[in-house]
>>> print(open('final-v6.cif').read())   # mmCIF, C-alpha atoms
data_final
#
loop_
_atom_site.label_atom_id
_atom_site.label_comp_id
_atom_site.auth_asym_id
_atom_site.auth_seq_id
_atom_site.Cartn_x
_atom_site.Cartn_y
_atom_site.Cartn_z
CA MET T 1 154.64 23.51 14.41
CA ILE T 2 152.07 25.73 12.72
CA TYR T 3 148.58 25.64 14.20
CA ASN T 4 145.44 26.26 12.15
CA PHE T 5 143.12 28.35 14.29
CA ASP T 6 140.65 28.72 11.41
CA GLU T 7 139.78 25.04 11.73
CA VAL T 8 136.18 24.64 12.89
CA VAL T 9 135.90 21.64 15.21
CA ASN T 10 132.37 20.40 15.89
CA ARG T 11 131.97 20.40 19.68
CA ARG T 12 128.35 19.33 19.80
CA GLY T 13 127.90 15.97 21.46
CA THR T 14 131.10 16.31 23.51
CA TYR T 15 129.52 17.34 26.85
CA SER T 16 130.38 20.98 26.14
CA LEU T 17 128.55 23.46 28.36
CA LYS T 18 128.89 26.01 25.59
CA TRP T 19 127.56 23.86 22.74
CA ASP T 20 125.50 21.16 24.50
CA GLY T 21 124.22 22.97 27.58
CA GLY T 22 121.23 24.70 26.06
CA GLU T 23 118.70 23.84 28.75
CA ARG T 24 121.07 24.79 31.55
CA ILE T 25 121.96 28.02 29.77
CA LYS T 26 118.29 28.94 29.36
CA LYS T 27 117.55 28.13 33.01
CA SER T 28 120.43 30.37 34.09
CA GLY T 29 118.72 33.35 32.44
CA ILE T 30 121.42 34.07 29.88
CA THR T 31 119.07 33.50 26.95
CA GLU T 32 115.53 32.46 26.14
CA ARG T 33 116.48 30.83 22.85
CA TYR T 34 119.03 28.08 22.38
CA ASP T 35 118.81 25.54 19.57
CA ALA T 36 120.90 23.72 16.98
CA ASP T 37 121.43 26.97 15.06
CA SER T 38 122.63 29.02 18.04
CA LEU T 39 126.14 30.48 18.03
CA PRO T 40 127.30 30.53 21.68
CA LEU T 41 129.96 33.14 22.36
CA PHE T 42 129.06 33.80 25.98
CA THR T 43 131.63 31.87 27.99
CA ALA T 44 135.39 32.13 28.37
CA ASP T 45 136.01 28.80 26.69
CA MET T 46 138.01 28.48 23.47
CA ASP T 47 136.89 26.57 20.41
CA PHE T 48 140.51 25.79 19.47
CA PRO T 49 142.31 22.44 19.87
CA ILE T 50 144.91 22.51 22.64
CA PRO T 51 148.71 22.52 22.04
CA GLN T 52 150.03 19.30 20.51
CA PRO T 53 152.47 18.66 23.40
CA VAL T 54 149.53 18.74 25.81
CA THR T 55 147.57 16.31 23.65
CA ASP T 56 150.60 14.03 23.61
CA ALA T 57 150.95 14.23 27.40
CA LEU T 58 147.27 13.42 27.91
CA ARG T 59 147.48 10.49 25.51
CA LYS T 60 150.45 9.14 27.44
CA THR T 61 148.45 9.46 30.66
CA VAL T 62 145.50 7.61 29.12
CA ASP T 63 147.74 4.88 27.75
CA HIS T 64 148.90 4.07 31.27
CA ARG T 65 145.30 2.93 31.95
CA ILE T 66 145.30 3.47 35.72
CA PHE T 67 143.90 6.68 37.20
CA GLY T 68 144.31 6.50 40.95
CA TYR T 69 145.00 9.21 43.49
CA SER T 70 147.83 11.51 42.47
CA VAL T 71 150.67 13.41 44.10
CA PHE T 72 152.35 16.53 42.75
CA PRO T 73 155.84 15.72 41.48
CA ASP T 74 158.67 18.26 41.61
CA GLU T 75 158.20 18.76 37.86
CA TYR T 76 154.76 20.23 38.54
CA TYR T 77 156.08 23.02 40.76
CA GLU T 78 159.15 23.54 38.58
CA ALA T 79 156.94 24.07 35.52
CA ILE T 80 154.97 26.77 37.33
CA GLN T 81 158.14 28.46 38.55
CA TYR T 82 159.70 28.28 35.09
CA TRP T 83 156.68 29.82 33.36
CA PHE T 84 156.20 32.77 35.68
CA LYS T 85 159.91 33.57 35.83
CA LYS T 86 160.27 33.47 32.05
CA HIS T 87 157.06 35.25 31.12
CA HIS T 88 156.51 37.64 34.03
CA ASP T 89 159.90 37.82 35.75
CA TRP T 90 158.16 36.65 38.92
CA GLU T 91 159.99 34.28 41.21
CA ILE T 92 157.68 31.94 43.11
CA LYS T 93 158.84 29.60 45.85
CA LYS T 94 157.64 26.02 45.71
CA GLU T 95 156.10 26.15 49.18
CA GLU T 96 154.00 29.19 48.22
CA ILE T 97 152.02 27.21 45.62
CA VAL T 98 148.70 25.63 46.61
CA TYR T 99 146.58 23.64 44.16
CA SER T 100 142.86 24.36 43.88
CA PRO T 101 140.32 22.65 41.63
CA GLY T 102 139.14 26.01 40.35
CA THR T 103 139.45 29.76 40.67
CA VAL T 104 135.83 30.44 41.65
CA PHE T 105 136.11 27.65 44.21
CA ALA T 106 139.29 29.27 45.58
CA LEU T 107 137.63 32.69 45.80
CA ASN T 108 134.81 31.22 47.88
CA VAL T 109 137.31 29.49 50.14
CA ALA T 110 139.26 32.71 50.59
CA VAL T 111 136.15 34.73 51.45
CA ARG T 112 135.14 32.18 54.11
CA ALA T 113 138.65 31.75 55.47
CA PHE T 114 139.68 35.39 55.80
CA THR T 115 136.47 37.31 56.49
CA ASP T 116 133.54 36.99 58.84
CA PRO T 117 129.82 37.24 58.09
CA GLY T 118 128.93 40.90 57.59
CA ASP T 119 132.45 41.95 56.61
CA GLY T 120 132.95 44.03 53.48
CA VAL T 121 134.75 42.86 50.35
CA ILE T 122 135.68 45.35 47.64
CA ILE T 123 135.18 44.59 43.95
CA GLN T 124 135.39 46.88 40.93
CA ARG T 125 132.29 46.72 38.77
CA PRO T 126 131.55 46.04 36.03
CA VAL T 127 133.20 42.77 36.96
CA TYR T 128 132.98 38.98 36.63
CA PRO T 129 129.66 37.92 38.26
CA PRO T 130 131.05 35.08 40.48
CA PHE T 131 132.90 37.73 42.51
CA THR T 132 129.53 38.97 43.71
CA SER T 133 128.16 35.51 44.40
CA ALA T 134 131.32 34.52 46.32
CA ILE T 135 130.74 37.48 48.62
CA GLU T 136 126.99 37.59 48.99
CA GLY T 137 126.60 33.81 48.92
CA ASN T 138 128.83 33.58 51.97
CA GLY T 139 127.02 36.27 53.93
CA ARG T 140 129.52 39.07 53.31
CA LYS T 141 128.84 42.56 51.96
CA VAL T 142 129.77 43.74 48.48
CA ILE T 143 131.55 47.10 48.47
CA ASN T 144 131.70 48.46 44.94
CA ASN T 145 134.63 50.63 43.90
CA LYS T 146 133.07 51.45 40.54
CA LEU T 147 135.57 51.82 37.71
CA LYS T 148 135.54 55.12 35.86
CA VAL T 149 135.19 55.09 32.07
CA ASP T 150 136.04 57.92 29.69
CA ALA T 151 134.59 58.77 26.27
CA ALA T 152 137.10 56.46 24.57
CA GLY T 153 135.95 53.51 26.68
CA VAL T 154 139.10 53.38 28.82
CA TYR T 155 138.46 52.21 32.39
CA THR T 156 140.45 53.54 35.33
CA ILE T 157 140.37 53.21 39.12
CA ASP T 158 138.66 55.79 41.31
CA PHE T 159 141.39 55.88 43.95
CA GLU T 160 139.72 58.47 46.14
CA ASP T 161 136.68 56.24 46.47
CA PHE T 162 138.85 53.12 46.85
CA GLU T 163 140.89 54.56 49.71
CA GLN T 164 137.79 55.77 51.51
CA LYS T 165 136.22 52.31 51.33
CA VAL T 166 139.40 50.48 52.33
CA LYS T 167 139.60 52.59 55.49
CA ASP T 168 136.20 51.35 56.68
CA GLU T 169 136.96 49.04 59.61
CA LYS T 170 134.49 46.47 58.24
CA THR T 171 136.42 46.15 54.96
CA LYS T 172 138.61 43.05 55.15
CA MET T 173 139.32 42.02 51.56
CA PHE T 174 139.74 43.35 48.03
CA ILE T 175 139.25 41.02 45.04
CA LEU T 176 141.30 42.39 42.16
CA CYS T 177 140.68 41.27 38.58
CA ASN T 178 143.70 41.92 36.35
CA PRO T 179 143.57 41.73 33.38
CA HIS T 180 140.09 42.96 34.08
CA ASN T 181 137.06 40.93 33.04
CA PRO T 182 135.07 42.23 31.15
CA THR T 183 136.75 45.55 30.29
CA GLY T 184 140.12 44.12 29.26
CA ARG T 185 142.20 46.66 31.16
CA ILE T 186 145.68 45.69 32.26
CA PHE T 187 146.27 47.95 35.22
CA SER T 188 149.54 49.84 35.15
CA ASN T 189 152.41 49.16 37.52
CA GLU T 190 151.72 52.48 39.20
CA GLU T 191 148.05 51.62 39.74
CA LEU T 192 148.91 48.20 41.14
CA LYS T 193 151.55 49.53 43.50
CA ARG T 194 149.13 52.13 44.77
CA LEU T 195 146.40 49.53 45.33
CA SER T 196 148.83 47.30 47.18
CA ASN T 197 150.11 50.09 49.41
CA ILE T 198 146.64 51.33 50.33
CA CYS T 199 145.52 47.82 51.28
CA ALA T 200 148.70 47.07 53.23
CA GLN T 201 148.41 50.29 55.22
CA ASN T 202 144.83 49.42 56.16
CA HIS T 203 145.33 45.69 56.79
CA VAL T 204 143.10 44.65 53.90
CA LEU T 205 143.85 41.37 52.16
CA ILE T 206 144.18 41.36 48.36
CA VAL T 207 143.00 38.32 46.42
CA ALA T 208 144.23 38.85 42.87
CA ASP T 209 142.49 36.97 40.07
CA GLU T 210 145.18 37.03 37.38
CA ILE T 211 144.11 34.01 35.35
CA HIS T 212 143.96 36.00 32.09
CA GLY T 213 147.51 37.26 32.60
CA ASP T 214 148.97 35.29 29.68
CA LEU T 215 146.20 36.31 27.28
CA ILE T 216 147.35 39.80 26.41
CA ARG T 217 147.89 41.73 23.21
CA ARG T 218 151.30 41.27 21.67
CA ASP T 219 152.29 44.89 22.37
CA GLN T 220 151.27 44.74 26.04
CA VAL T 221 153.03 43.68 29.25
CA PHE T 222 151.32 42.11 32.26
CA THR T 223 152.95 42.18 35.70
CA PRO T 224 151.57 40.32 38.73
CA ILE T 225 150.69 42.64 41.61
CA ALA T 226 152.63 40.45 44.08
CA LYS T 227 155.82 41.05 42.08
CA LEU T 228 155.34 44.82 42.29
CA ALA T 229 154.32 45.04 45.93
CA GLU T 230 156.77 46.43 48.47
CA ASP T 231 155.59 43.63 50.73
CA ASP T 232 153.60 40.70 49.31
CA GLN T 233 152.46 39.21 52.63
CA HIS T 234 148.92 40.60 52.23
CA ILE T 235 148.46 39.26 48.69
CA ILE T 236 147.03 35.97 47.45
CA THR T 237 147.28 35.33 43.71
CA CYS T 238 145.11 33.08 41.56
CA THR T 239 146.91 31.58 38.55
CA ALA T 240 145.61 28.95 36.15
CA ILE T 241 146.33 27.07 32.95
CA ASN T 242 142.60 26.87 32.31
CA LYS T 243 142.18 30.05 30.27
CA THR T 244 145.67 30.20 28.78
CA PHE T 245 145.63 26.72 27.25
CA ASN T 246 141.88 26.00 26.95
CA VAL T 247 141.76 23.23 29.56
CA ALA T 248 139.09 24.58 31.91
CA GLY T 249 137.46 21.15 32.06
CA LEU T 250 140.55 19.73 33.76
CA HIS T 251 140.19 22.02 36.81
CA CYS T 252 143.68 23.25 37.57
CA THR T 253 144.16 26.52 39.44
CA ASN T 254 147.27 27.29 41.47
CA MET T 255 147.16 29.79 44.29
CA VAL T 256 150.29 31.66 45.35
CA LEU T 257 150.36 32.54 49.05
CA PRO T 258 153.70 33.98 50.23
CA ASN T 259 152.42 34.48 53.79
CA PRO T 260 152.76 31.12 55.61
CA ASN T 261 150.01 31.92 58.10
CA LEU T 262 147.54 32.79 55.36
CA ARG T 263 148.64 29.72 53.43
CA ALA T 264 148.01 27.39 56.34
CA LYS T 265 144.61 28.93 56.99
CA PHE T 266 143.63 28.69 53.31
CA VAL T 267 144.70 25.05 53.05
CA ASN T 268 142.76 24.19 56.19
CA ALA T 269 139.64 25.96 54.93
CA MET T 270 139.87 24.33 51.50
CA GLY T 271 140.22 20.82 52.84
CA HIS T 272 141.94 17.92 51.13
CA GLN T 273 142.10 18.47 47.36
CA VAL T 274 143.75 16.11 44.88
CA ALA T 275 144.32 16.88 41.21
CA THR T 276 143.71 14.25 38.56
CA PRO T 277 146.72 12.80 36.74
CA PHE T 278 145.33 14.53 33.64
CA ALA T 279 145.58 17.96 35.25
CA ILE T 280 149.11 17.28 36.44
CA SER T 281 150.42 16.02 33.10
CA THR T 282 148.62 18.86 31.30
CA LEU T 283 150.18 21.59 33.41
CA ILE T 284 153.69 20.21 33.05
CA ALA T 285 153.39 19.92 29.28
CA ALA T 286 151.60 23.26 28.83
CA TYR T 287 154.06 25.36 30.82
CA ASN T 288 157.15 23.57 29.48
CA GLU T 289 156.12 23.14 25.85
CA GLY T 290 153.04 25.27 25.15
CA GLU T 291 154.65 28.63 24.42
CA GLU T 292 154.75 28.19 20.63
CA TRP T 293 151.01 27.50 20.54
CA LEU T 294 150.25 30.45 22.83
CA GLU T 295 152.23 32.90 20.72
CA GLN T 296 150.33 31.85 17.61
CA LEU T 297 147.03 32.00 19.51
CA LYS T 298 147.66 35.57 20.64
CA GLU T 299 148.48 36.64 17.10
CA TYR T 300 145.28 35.03 15.84
CA ILE T 301 143.11 36.63 18.53
CA ASP T 302 144.74 40.01 17.86
CA GLY T 303 143.75 39.59 14.22
CA THR T 304 140.20 38.67 15.15
CA MET T 305 139.89 41.75 17.32
CA GLU T 306 141.16 43.97 14.51
CA TRP T 307 138.57 42.41 12.22
CA VAL T 308 135.77 43.02 14.75
CA LYS T 309 136.82 46.63 15.21
CA SER T 310 136.79 47.23 11.44
CA PHE T 311 133.50 45.39 10.94
CA LEU T 312 131.75 47.43 13.61
CA ALA T 313 133.09 50.70 12.24
CA GLU T 314 131.65 49.85 8.83
CA ARG T 315 128.47 47.96 9.60
CA MET T 316 127.49 48.96 13.15
CA PRO T 317 129.10 52.36 13.76
CA LYS T 318 126.86 53.11 16.71
CA VAL T 319 128.48 50.30 18.73
CA LYS T 320 131.41 51.67 20.72
CA THR T 321 134.26 49.37 21.66
CA ARG T 322 138.03 49.27 21.93
CA ILE T 323 140.54 46.51 21.57
CA PRO T 324 141.29 45.37 25.14
CA GLU T 325 144.82 45.26 26.50
CA GLY T 326 144.25 41.75 27.84
CA THR T 327 141.80 38.81 27.80
CA TYR T 328 140.06 37.45 24.72
CA LEU T 329 136.88 39.39 25.51
CA MET T 330 135.37 42.49 23.95
CA TRP T 331 133.06 44.84 25.82
CA LEU T 332 130.52 46.30 23.40
CA ASP T 333 128.60 49.50 24.19
CA PHE T 334 125.19 49.52 22.44
CA SER T 335 123.94 52.76 24.03
CA GLY T 336 124.33 54.63 20.74
CA TYR T 337 121.28 52.91 19.32
CA GLY T 338 118.95 54.61 21.78
CA ILE T 339 116.93 51.47 22.44
CA SER T 340 116.43 49.59 25.68
CA PRO T 341 118.88 46.89 26.83
CA ARG T 342 115.93 44.49 26.60
CA GLU T 343 115.51 45.24 22.88
CA VAL T 344 119.25 44.95 22.28
CA HIS T 345 119.11 41.55 23.93
CA ASP T 346 116.11 40.46 21.86
CA ARG T 347 117.73 41.41 18.57
CA ILE T 348 120.97 39.57 19.37
CA TYR T 349 119.85 36.51 21.32
CA ASN T 350 116.39 35.73 19.95
CA LYS T 351 116.51 37.08 16.38
CA ALA T 352 120.20 36.73 15.41
CA ASN T 353 120.44 33.62 17.61
CA VAL T 354 123.87 34.61 18.90
CA ILE T 355 124.42 34.02 22.62
CA LEU T 356 126.54 36.66 24.37
CA GLU T 357 126.34 37.91 27.96
CA ASP T 358 124.22 40.89 28.91
CA GLY T 359 126.34 43.58 30.56
CA LYS T 360 123.91 43.85 33.47
CA MET T 361 125.28 40.54 34.73
CA PHE T 362 128.50 42.40 35.56
CA GLY T 363 126.69 45.07 37.57
CA GLU T 364 124.41 47.97 36.74
CA GLU T 365 127.45 49.72 35.25
CA GLY T 366 127.22 47.28 32.34
CA LEU T 367 123.55 47.79 31.58
CA GLU T 368 124.11 49.17 28.05
CA TYR T 369 126.84 46.64 27.20
CA GLN T 370 127.30 43.15 25.84
CA ARG T 371 130.30 40.90 26.51
CA ILE T 372 131.51 38.65 23.71
CA CYS T 373 134.15 35.94 23.98
CA LEU T 374 136.23 35.80 20.80
CA PRO T 375 138.47 32.68 21.02
CA SER T 376 136.67 30.85 18.21
CA PRO T 377 137.65 30.25 14.58
CA ARG T 378 137.18 33.43 12.60
CA PRO T 379 134.49 31.91 10.34
CA ILE T 380 132.28 31.50 13.44
CA ILE T 381 132.99 35.05 14.63
CA LYS T 382 132.25 36.49 11.19
CA GLU T 383 128.97 34.64 10.92
CA ALA T 384 127.94 35.84 14.39
CA PHE T 385 128.61 39.48 13.58
CA GLU T 386 126.89 39.21 10.19
CA ARG T 387 123.79 37.91 11.95
CA ILE T 388 123.88 40.65 14.58
CA ALA T 389 124.49 43.43 12.04
CA LYS T 390 121.49 42.31 10.01
CA GLU T 391 119.22 42.75 13.04
CA PHE T 392 120.41 46.33 13.59
CA GLU T 393 120.37 47.54 9.97
CA ASP T 394 117.16 49.48 10.47
CA LEU T 395 118.79 51.56 13.24
CA ASN T 396 122.04 52.58 11.50
#
>>> encode(input="final-v6.cif", output="structure tokens")
Amino acid sequence: MIYNFDEVVNRRGTYSLKWDGGERIKKSGITERYDADSLPLFTADMDFPIPQPVTDALRKTVDHRIFGYSVFPDEYYEAIQYWFKKHHDWEIKKEEIVYSPGTVFALNVAVRAFTDPGDGVIIQRPVYPPFTSAIEGNGRKVINNKLKVDAAGVYTIDFEDFEQKVKDEKTKMFILCNPHNPTGRIFSNEELKRLSNICAQNHVLIVADEIHGDLIRRDQVFTPIAKLAEDDQHIITCTAINKTFNVAGLHCTNMVLPNPNLRAKFVNAMGHQVATPFAISTLIAAYNEGEEWLEQLKEYIDGTMEWVKSFLAERMPKVKTRIPEGTYLMWLDFSGYGISPREVHDRIYNKANVILEDGKMFGEEGLEYQRICLPSPRPIIKEAFERIAKEFEDLN
């Protein structure tokens, strides 16, 4: 079927964090202003209706009218195996799959299970803020392997620095984000193999957050690091339907742990977790029947990104950005305006009343940047950029 991604669905009054969570959002420090006229584009949450087969599966689940404790049927694991074999040529064994109610939850479990207080965990800033909180909040030490960025805005890994930090005897874990949030890089096969080898040689565990791996540009290829590794026994992979199919509220992450010892330790640390029947029926329908929707979604997001790039070139030429290889995020560099990050924030959040995420949330490396999430109908995106451009007209 043909999906209409231009359709604007009113999400206010539906318990949406993005559209109804104004007080919580203000308390979190993201913005000072949030009201009925705000356009929230700060969180990785789509404003598109989900695939029709998923809606049908959820309706069937509701119609049963009983929502007791659930078990994972064979179809659940088979759907995961089918999807990753077809889309990423990655063969996953059933016993390697462990359900988790969320990716951030799983990261916290992994940090507690596989490191000790005071141990070092490597991340690559600018990076998704919950990586930092998962480390520091559990009494571990953040070790930053800062990504390098060139004049074109392309981010790459500083391998000399990475290898030096991995060799520190206190370094026990590396949390990889690929595709990278917020920069949108899909790391090359060569980069991933090198990361894997360095960590394996130094007995450092890799926890790979790959939940944006299906949200890539149509001319790009994403390959899981565990598929590329010479030996995958030191790798734990986070996968999820949440981002791919816009079902984050159903809490369905699946961890892949090839190493049985690590798997047993992770399961023990996580404790007893049971998915809802809604999550189970959603995953089966999404992975078995959601491809048509996803292909149309990617084409639509590609078009939105092309529009943003053209709009900025014409109306806000001092903003530097590039179309990311993966994710539905854009990383906007406002340094060309020569004003403080505080003033950039004020013009966007308080005057234009568009809610993004300040780059400083991703580390000091993002101080001059703003992150915008683009999976919304294009009329909303266009209005947001028109508002922002108006507040910077005097500086062009």
>>> residues_around(input="final-v6.cif", residues="Lys243 (chain T)", least_positions_apart="6", cutoff="10 Å", atoms="all atoms listed in the file", output="PyMOL selection string")
chain T and resi 44-46+211-215+327-328
>>> resolve_selection(input="final-v6.cif", expression="the PyMOL selection byres ((chain T and resi 122-134) around 10)", output="VMD selection string")
chain T and resid 103 to 112 120 to 121 135 to 148 155 157 to 158 162 165 to 166 171 to 177 180 to 183 204 206 209 359 to 367
>>> write_last_selection(input="final-v6.cif", atoms="C-alpha atoms", output="PDB file, keeping the file's coordinate frame")
ATOM      1  CA  THR T 103     139.450  29.760  40.670  1.00  0.00           C
ATOM      2  CA  VAL T 104     135.830  30.440  41.650  1.00  0.00           C
ATOM      3  CA  PHE T 105     136.110  27.650  44.210  1.00  0.00           C
ATOM      4  CA  ALA T 106     139.290  29.270  45.580  1.00  0.00           C
ATOM      5  CA  LEU T 107     137.630  32.690  45.800  1.00  0.00           C
ATOM      6  CA  ASN T 108     134.810  31.220  47.880  1.00  0.00           C
ATOM      7  CA  VAL T 109     137.310  29.490  50.140  1.00  0.00           C
ATOM      8  CA  ALA T 110     139.260  32.710  50.590  1.00  0.00           C
ATOM      9  CA  VAL T 111     136.150  34.730  51.450  1.00  0.00           C
ATOM     10  CA  ARG T 112     135.140  32.180  54.110  1.00  0.00           C
ATOM     11  CA  GLY T 120     132.950  44.030  53.480  1.00  0.00           C
ATOM     12  CA  VAL T 121     134.750  42.860  50.350  1.00  0.00           C
ATOM     13  CA  ILE T 135     130.740  37.480  48.620  1.00  0.00           C
ATOM     14  CA  GLU T 136     126.990  37.590  48.990  1.00  0.00           C
ATOM     15  CA  GLY T 137     126.600  33.810  48.920  1.00  0.00           C
ATOM     16  CA  ASN T 138     128.830  33.580  51.970  1.00  0.00           C
ATOM     17  CA  GLY T 139     127.020  36.270  53.930  1.00  0.00           C
ATOM     18  CA  ARG T 140     129.520  39.070  53.310  1.00  0.00           C
ATOM     19  CA  LYS T 141     128.840  42.560  51.960  1.00  0.00           C
ATOM     20  CA  VAL T 142     129.770  43.740  48.480  1.00  0.00           C
ATOM     21  CA  ILE T 143     131.550  47.100  48.470  1.00  0.00           C
ATOM     22  CA  ASN T 144     131.700  48.460  44.940  1.00  0.00           C
ATOM     23  CA  ASN T 145     134.630  50.630  43.900  1.00  0.00           C
ATOM     24  CA  LYS T 146     133.070  51.450  40.540  1.00  0.00           C
ATOM     25  CA  LEU T 147     135.570  51.820  37.710  1.00  0.00           C
ATOM     26  CA  LYS T 148     135.540  55.120  35.860  1.00  0.00           C
ATOM     27  CA  TYR T 155     138.460  52.210  32.390  1.00  0.00           C
ATOM     28  CA  ILE T 157     140.370  53.210  39.120  1.00  0.00           C
ATOM     29  CA  ASP T 158     138.660  55.790  41.310  1.00  0.00           C
ATOM     30  CA  PHE T 162     138.850  53.120  46.850  1.00  0.00           C
ATOM     31  CA  LYS T 165     136.220  52.310  51.330  1.00  0.00           C
ATOM     32  CA  VAL T 166     139.400  50.480  52.330  1.00  0.00           C
ATOM     33  CA  THR T 171     136.420  46.150  54.960  1.00  0.00           C
ATOM     34  CA  LYS T 172     138.610  43.050  55.150  1.00  0.00           C
ATOM     35  CA  MET T 173     139.320  42.020  51.560  1.00  0.00           C
ATOM     36  CA  PHE T 174     139.740  43.350  48.030  1.00  0.00           C
ATOM     37  CA  ILE T 175     139.250  41.020  45.040  1.00  0.00           C
ATOM     38  CA  LEU T 176     141.300  42.390  42.160  1.00  0.00           C
ATOM     39  CA  CYS T 177     140.680  41.270  38.580  1.00  0.00           C
ATOM     40  CA  HIS T 180     140.090  42.960  34.080  1.00  0.00           C
ATOM     41  CA  ASN T 181     137.060  40.930  33.040  1.00  0.00           C
ATOM     42  CA  PRO T 182     135.070  42.230  31.150  1.00  0.00           C
ATOM     43  CA  THR T 183     136.750  45.550  30.290  1.00  0.00           C
ATOM     44  CA  VAL T 204     143.100  44.650  53.900  1.00  0.00           C
ATOM     45  CA  ILE T 206     144.180  41.360  48.360  1.00  0.00           C
ATOM     46  CA  ASP T 209     142.490  36.970  40.070  1.00  0.00           C
ATOM     47  CA  GLY T 359     126.340  43.580  30.560  1.00  0.00           C
ATOM     48  CA  LYS T 360     123.910  43.850  33.470  1.00  0.00           C
ATOM     49  CA  MET T 361     125.280  40.540  34.730  1.00  0.00           C
ATOM     50  CA  PHE T 362     128.500  42.400  35.560  1.00  0.00           C
ATOM     51  CA  GLY T 363     126.690  45.070  37.570  1.00  0.00           C
ATOM     52  CA  GLU T 364     124.410  47.970  36.740  1.00  0.00           C
ATOM     53  CA  GLU T 365     127.450  49.720  35.250  1.00  0.00           C
ATOM     54  CA  GLY T 366     127.220  47.280  32.340  1.00  0.00           C
ATOM     55  CA  LEU T 367     123.550  47.790  31.580  1.00  0.00           C
TER      56      LEU T 367
END
>>> residues_around(input="final-v6.cif", residues="region 277-288 of chain T", least_positions_apart="4", cutoff="10 Å", atoms="all atoms listed in the file", output="PDB file with C-alpha atoms, keeping the file's coordinate frame")
ATOM      1  CA  ILE T  50     144.910  22.510  22.640  1.00  0.00           C
ATOM      2  CA  PRO T  51     148.710  22.520  22.040  1.00  0.00           C
ATOM      3  CA  GLN T  52     150.030  19.300  20.510  1.00  0.00           C
ATOM      4  CA  PRO T  53     152.470  18.660  23.400  1.00  0.00           C
ATOM      5  CA  VAL T  54     149.530  18.740  25.810  1.00  0.00           C
ATOM      6  CA  THR T  55     147.570  16.310  23.650  1.00  0.00           C
ATOM      7  CA  ASP T  56     150.600  14.030  23.610  1.00  0.00           C
ATOM      8  CA  ALA T  57     150.950  14.230  27.400  1.00  0.00           C
ATOM      9  CA  LEU T  58     147.270  13.420  27.910  1.00  0.00           C
ATOM     10  CA  ARG T  59     147.480  10.490  25.510  1.00  0.00           C
ATOM     11  CA  LYS T  60     150.450   9.140  27.440  1.00  0.00           C
ATOM     12  CA  THR T  61     148.450   9.460  30.660  1.00  0.00           C
ATOM     13  CA  VAL T  62     145.500   7.610  29.120  1.00  0.00           C
ATOM     14  CA  ILE T  66     145.300   3.470  35.720  1.00  0.00           C
ATOM     15  CA  PHE T  67     143.900   6.680  37.200  1.00  0.00           C
ATOM     16  CA  GLY T  68     144.310   6.500  40.950  1.00  0.00           C
ATOM     17  CA  TYR T  69     145.000   9.210  43.490  1.00  0.00           C
ATOM     18  CA  SER T  70     147.830  11.510  42.470  1.00  0.00           C
ATOM     19  CA  VAL T  71     150.670  13.410  44.100  1.00  0.00           C
ATOM     20  CA  PHE T  72     152.350  16.530  42.750  1.00  0.00           C
ATOM     21  CA  PRO T  73     155.840  15.720  41.480  1.00  0.00           C
ATOM     22  CA  GLU T  75     158.200  18.760  37.860  1.00  0.00           C
ATOM     23  CA  TYR T  76     154.760  20.230  38.540  1.00  0.00           C
ATOM     24  CA  TYR T  77     156.080  23.020  40.760  1.00  0.00           C
ATOM     25  CA  GLU T  78     159.150  23.540  38.580  1.00  0.00           C
ATOM     26  CA  ALA T  79     156.940  24.070  35.520  1.00  0.00           C
ATOM     27  CA  ILE T  80     154.970  26.770  37.330  1.00  0.00           C
ATOM     28  CA  GLN T  81     158.140  28.460  38.550  1.00  0.00           C
ATOM     29  CA  TYR T  82     159.700  28.280  35.090  1.00  0.00           C
ATOM     30  CA  TRP T  83     156.680  29.820  33.360  1.00  0.00           C
ATOM     31  CA  PHE T  84     156.200  32.770  35.680  1.00  0.00           C
ATOM     32  CA  PRO T 101     140.320  22.650  41.630  1.00  0.00           C
ATOM     33  CA  ALA T 240     145.610  28.950  36.150  1.00  0.00           C
ATOM     34  CA  ILE T 241     146.330  27.070  32.950  1.00  0.00           C
ATOM     35  CA  ASN T 242     142.600  26.870  32.310  1.00  0.00           C
ATOM     36  CA  THR T 244     145.670  30.200  28.780  1.00  0.00           C
ATOM     37  CA  PHE T 245     145.630  26.720  27.250  1.00  0.00           C
ATOM     38  CA  VAL T 247     141.760  23.230  29.560  1.00  0.00           C
ATOM     39  CA  ALA T 248     139.090  24.580  31.910  1.00  0.00           C
ATOM     40  CA  GLY T 249     137.460  21.150  32.060  1.00  0.00           C
ATOM     41  CA  LEU T 250     140.550  19.730  33.760  1.00  0.00           C
ATOM     42  CA  HIS T 251     140.190  22.020  36.810  1.00  0.00           C
ATOM     43  CA  CYS T 252     143.680  23.250  37.570  1.00  0.00           C
ATOM     44  CA  THR T 253     144.160  26.520  39.440  1.00  0.00           C
ATOM     45  CA  TRP T 293     151.010  27.500  20.540  1.00  0.00           C
ATOM     46  CA  LEU T 294     150.250  30.450  22.830  1.00  0.00           C
TER      47      LEU T 294
END
>>> closest_residue(input="final-v6.cif", among="T:Arg185, T:His64, T:Lys18, T:Lys86", to="Phe42 (chain T)", atoms="all atoms listed in the file")
T:Lys18
>>> resolve_selection(input="final-v6.cif", expression="the PyMOL selection byres ((chain T and resi 152) around 10)", output="mmCIF file with C-alpha atoms, in the frame of the given file")
data_model
loop_
_atom_site.group_PDB
_atom_site.id
_atom_site.type_symbol
_atom_site.label_atom_id
_atom_site.label_comp_id
_atom_site.auth_asym_id
_atom_site.auth_seq_id
_atom_site.Cartn_x
_atom_site.Cartn_y
_atom_site.Cartn_z
ATOM 1 C CA VAL T 149 135.190 55.090 32.070
ATOM 2 C CA ASP T 150 136.040 57.920 29.690
ATOM 3 C CA ALA T 151 134.590 58.770 26.270
ATOM 4 C CA GLY T 153 135.950 53.510 26.680
ATOM 5 C CA VAL T 154 139.100 53.380 28.820
ATOM 6 C CA TYR T 155 138.460 52.210 32.390
ATOM 7 C CA LYS T 320 131.410 51.670 20.720
ATOM 8 C CA THR T 321 134.260 49.370 21.660
ATOM 9 C CA ARG T 322 138.030 49.270 21.930
#
